[in-house]
Structure formats: C-alpha cells, structure tokens
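S.K.: One structure is given below, represented as structure tokens, and several questions about it will come after.
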Amino acid sequence: MASTGHLGLHLRSAPVAVTVTVTWVRTSCVLLRIGAVHLLTDPWFAVGMRGLPVFRKPSILLKNLPKIDYILASHLHPDHFDVDAVRELTGRGAVVVGTVGTAAHLHRHSVLAEVVELLPWQRWSHGGLNVVATPALHTGPKPDEIGIWFEMSGFRCYFAGDQRFGPVFAQVGARLPRVDLALLPIGGTLIFGHRTTMDPADAVRAALVLRPRYILPIHEGGEWLPVPPASWHPGRCRDFLAKLATSGLDAVGLDAPPGIAATIPFEHPDHRADGEARCPTG
C-alpha cells in the first residue's frame, strides 16, 4: 500500500529521556535506535554488487537485526535498496519510507509492504516519527533520490544517502531545524569522471551549512572493486575526519567502524540552544 506525505507536520516534542545509538552496517546502511524504536537506512545485505567483488560484508547479518520499525530509503539503486532484505524486514512489520516509485518497484518483485512515498519537501508523521523528504542530486536511472530529515522524541537526523554536493544542503539548513546527527556520504564516486557522490571535502562543505552536532561518515570508497574510468570511489572516512578536524566546525565526527554502536549524547528539546523547531515553508 502506497501513500503520499501530508502537510501539517508538528515538530514540537515533549521532553522524554531517550537513548540514541547509531551503528554503521556498511555503505549507506545505518541502524539507529531512538528509545525503543529501530530505524534502518538504505538496507543492503547482498553479497555482490552488479557482478563486482564486494570487500566489505555487512557488519550485522540480516537475521541478527532487531525488529525494524521503519526503513528509510533514499533511492532504489541495488546497493541502497536490497529487495530481498526489504521483503524480510517488511514481513516482520517494518514500514518503508522512500522516494516516489518505491511501491511499484516492490510490486514488480512481488513484495507486499506498507510504503510511504515522498516527493521533495513532502512530510509524513507516524507513531512519533516526523519525516521530511528533501531534494538530492545523484545520478540515474529514475526515480530520483531524496534526502531524509527525520525527528523522533526530539532527536533530529539528516540522512544524505549517496548524493553529491549542491545547493540543496543550504536549503535544508535554512528550511529545517538543526540536526543532532548527519549521516553524510564521503566516497566521492566518479562515474567516467563525473562526481555522483560527495567526497570528504564536499561532506565538510555540507556540514558547514547543516551545522550538525555529530556526523557519521558513510558510503566510504573501497567497499567493492573499482573499475576506472567507469567507476572509482577514492573517499575514505579517515580523510573526512581529518578535514573536519581543521574546518573550524563545532561538530563531532564519529570514528565508528562498521558494526560498532556509538551512543549519541542527547539534550531534551526544551533545553536546546537553537530554539523552536521551524516547520518547512512548502
């Protein structure tokens, strides 16, 4: 069942004591626990990538995941949307939130699931989770990628999938509340010399306008065999963390290898220095 996002997102959250942990599985697949709720971004647990050898295996096996409440899917490329994994997780009750075209894609693979499709700047709320889709620059084929801003129990996160740098980050910084955590790709993918994913320097530029409190670098290069000039992925997490350290930005870069859960210190919403949440303007 597919539905579209609705307007009228209410961003104020009552103060709740909540524990937040983030675990990088691999690529742009990240497991977040916010209180008792589990969210998974861009699930990918397959052993191959378009016939290329894959060097980094999932740091958590699919069967060992906790019950996932929400899957947040930026786009439908196979290393970001593993249909077999989605089939398994939605069979356990996960709701999929993704770009327009996600439901049809699952239908073609005979996957019956609850799917919420969002266009850029559309919003959706459910069970205390508030989601805003944002534009994202990447590469074909259709449907287009989205970024995903979300908030739960006052904790705010921006998930950038594997998009490249562009003016959208300034738009997100201006239109949406400051986030506690940004999940930023740093692999710097080049397809025949065309940049399709942020590199470490781009990710620092994005962080300077988003102003997150914490940053987890994701979508690192070296996860599968490059095939220059068709594809090359030179960005590494260590390079991003080094550039962040000299950027002057007051943000903590999480040096958390895949499979290692990091706990995010979290202030109650009514104690924030950045004031009221701002609702997107349309």
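So you can find residues: chains in the structure tokens are A, B, ... in the order shown, residues in each start at 1, and ligands are numbered from 1 in order.
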If you run DSSP on the backbone, which residues of range 50-174 of chain A are helix (DSSP H, G or I), as a list in words?

M.R.: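 DSSP-assigned helix (DSSP H, G or I) residues in range 50-174 of chain A: Leu62, Lys63, Asn64, Val83, Asp84, Ala85, Val86, Arg87, Glu88, Leu89, Thr90, Gly91, Thr102, Ala103, Ala104, His105, Leu106, His107, Arg108, Val168, Phe169, Ala170, Gln171, Val172, Gly173 and Ala174 of chain A.
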
S.K.: DSSP says strand (DSSP E or B) for which residues of range 48-272 of chain A? Put them as number ranges by chain?

M.R.: A: 49, 52, 54, 70-73, 95-99, 115-118, 123-126, 129-135, 137, 146-152, 155-159, 164, 181-185, 190-191, 194-195, 214-218, 224, 227, 231-232, 252-253, 262-263

S.K.: With C-alpha atoms retained, export the selected residues as a CSV table (one decimal), in the first residue's frame.

M.R.:
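The file below, result11.csv, is the result:
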```csv
chain,number,residue,atom,x,y,z
A,49,MET,CA,27.3,-5.5,-6.5
A,52,LEU,CA,31.8,-6.9,-8.9
A,54,VAL,CA,32.5,-6.8,-2.6
A,70,TYR,CA,11.0,2.0,9.8
A,71,ILE,CA,13.1,1.6,6.7
A,72,LEU,CA,14.3,5.0,5.3
A,73,ALA,CA,15.2,4.5,1.7
A,95,VAL,CA,7.2,0.4,7.2
A,96,VAL,CA,9.1,1.7,4.2
A,97,VAL,CA,9.5,5.4,3.7
A,98,GLY,CA,11.1,6.3,0.3
A,99,THR,CA,11.0,8.1,-3.0
A,115,VAL,CA,5.1,2.0,1.7
A,116,VAL,CA,5.1,5.8,2.2
A,117,GLU,CA,6.3,7.7,-0.9
A,118,LEU,CA,7.5,11.3,-0.6
A,123,ARG,CA,6.2,15.4,5.1
A,124,TRP,CA,4.8,12.5,7.0
A,125,SER,CA,4.3,11.7,10.6
A,126,HIS,CA,3.5,8.4,12.3
A,129,LEU,CA,8.3,9.9,13.9
A,130,ASN,CA,8.3,13.1,11.8
A,131,VAL,CA,9.9,12.8,8.3
A,132,VAL,CA,10.6,15.5,5.7
A,133,ALA,CA,12.0,14.4,2.2
A,134,THR,CA,14.5,16.8,0.6
A,135,PRO,CA,15.8,17.1,-2.9
A,137,LEU,CA,21.5,15.3,-6.6
A,146,ILE,CA,15.7,12.0,-1.9
A,147,GLY,CA,17.4,13.1,1.3
A,148,ILE,CA,15.6,12.3,4.5
A,149,TRP,CA,15.3,14.6,7.5
A,150,PHE,CA,13.6,13.0,10.5
A,151,GLU,CA,12.9,13.6,14.1
A,152,MET,CA,11.7,11.4,17.0
A,155,PHE,CA,16.2,13.8,18.3
A,156,ARG,CA,16.9,15.1,14.8
A,157,CYS,CA,18.8,13.5,12.0
A,158,TYR,CA,19.6,14.2,8.3
A,159,PHE,CA,20.4,11.2,6.1
A,164,ARG,CA,26.6,14.7,-4.4
A,181,LEU,CA,23.3,13.9,13.7
A,182,ALA,CA,24.1,14.0,10.0
A,183,LEU,CA,24.8,10.8,8.0
A,184,LEU,CA,27.0,12.1,5.2
A,185,PRO,CA,28.4,10.0,2.3
A,190,LEU,CA,33.3,9.2,-10.0
A,191,ILE,CA,31.4,7.7,-13.0
A,194,HIS,CA,31.5,12.8,-13.2
A,195,ARG,CA,31.1,13.2,-9.5
A,214,TYR,CA,27.5,14.9,15.3
A,215,ILE,CA,28.5,13.4,11.9
A,216,LEU,CA,28.8,9.8,10.9
A,217,PRO,CA,30.7,9.4,7.6
A,218,ILE,CA,29.1,6.7,5.4
A,224,TRP,CA,33.8,-3.0,-3.8
A,227,VAL,CA,36.6,-0.1,-12.5
A,231,SER,CA,33.7,3.9,-11.6
A,232,TRP,CA,36.1,5.0,-8.9
A,252,VAL,CA,32.0,15.7,16.5
A,253,GLY,CA,33.0,13.3,13.8
A,262,ALA,CA,28.0,4.7,19.0
A,263,THR,CA,25.9,6.4,21.7
```

S.K.: Just checking: using only C-alpha atoms, which residue out of A:Pro78, A:Gly154, A:Gly35, A:Gly248 ends up closest to Gly48 in chain A?

M.R.: A:Pro78

S.K.: Quick one: everything within 6 Å of Thr23 in chain A, counting only C-alpha atoms, minus sequence neighbours fewer than 4 positions away in the same chain. Send it as a PyMOL selection string.

M.R.: chain A and resi 30-31+259-261

S.K.: Do a neighbour search on Phe55 in chain A at 9 Å with only C-alpha atoms, toss out local chain neighbours closer than 5 positions, and write the hits as number ranges by chain.

M.R.: A: 222-225

S.K.: Which polymer residues have any atom within 6 Å of an atom of Ala206 in chain A, counting only C-alpha atoms, with same-chain residues fewer than 3 positions away left out, as a list in words?

M.R.: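 With the cut-off at 6 Å, the set is Phe169, Ala203 and Val209 of chain A.
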
S.K.: Put those residues in a file: N, CA and C atoms, as a short mmCIF file (atom, residue, chain, number, x, y, z; two decimals), in the first residue's frame.

M.R.:
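Printed below is again_38.cif as written:
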```
data_model
loop_
_atom_site.label_atom_id
_atom_site.label_comp_id
_atom_site.auth_asym_id
_atom_site.auth_seq_id
_atom_site.Cartn_x
_atom_site.Cartn_y
_atom_site.Cartn_z
N PHE A 169 21.85 21.49 0.22
CA PHE A 169 22.28 21.49 1.62
C PHE A 169 22.02 22.83 2.28
N ALA A 203 31.70 16.73 1.86
CA ALA A 203 30.94 16.44 3.07
C ALA A 203 31.19 17.49 4.15
N VAL A 209 27.05 23.99 6.36
CA VAL A 209 25.74 24.64 6.23
C VAL A 209 24.67 23.92 7.05
#
```

S.K.: Skipping near chain neighbours, those fewer than 4 positions away, what residues fall within 8 Å of Ala94 in chain A using only C-alpha atoms, listed as number ranges by chain?

M.R.: A: 67-71, 89-90, 114

S.K.: Could you write those residues out with C-alpha atoms, as a PDB file, in the first residue's frame?

M.R.:
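Result written to out.pdb:
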```pdb
ATOM      1  CA  LYS A  67      12.825  -5.742  14.776  1.00  0.00           C
ATOM      2  CA  ILE A  68      12.958  -2.753  12.434  1.00  0.00           C
ATOM      3  CA  ASP A  69      10.095  -0.277  12.736  1.00  0.00           C
ATOM      4  CA  TYR A  70      10.971   1.969   9.777  1.00  0.00           C
ATOM      5  CA  ILE A  71      13.112   1.592   6.665  1.00  0.00           C
ATOM      6  CA  LEU A  89      12.060  -6.774   7.167  1.00  0.00           C
ATOM      7  CA  THR A  90       8.600  -5.725   5.996  1.00  0.00           C
ATOM      8  CA  GLU A 114       3.344  -0.689   3.718  1.00  0.00           C
TER       9      GLU A 114
END
```

S.K.: CA of Leu210 in chain A and CA of Val37 in chain A, how far apart in Å?

M.R.: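 A separation of 24.7 Å between them.
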
S.K.: Fewer than 5 positions away in the same chain doesn't count, so skip those; otherwise give me all residues within 10 Å of Pro265 in chain A, counting only C-alpha atoms, as a count of residues only.

M.R.: 7

S.K.: Of the candidates A:Gly127, A:Val22, A:Cys29, A:Pro143, which shows the shortest atom-to-atom distance to His77 in chain A, using only C-alpha atoms?

M.R.: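 Smallest separation from His77 in chain A among the options: A:Pro143.
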
S.K.: Interatomic distance between CA of Arg108 in chain A and CA of Ala160 in chain A?

M.R.: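 Value for the CA of Arg108 in chain A-CA of Ala160 in chain A distance: 26.2 Å.
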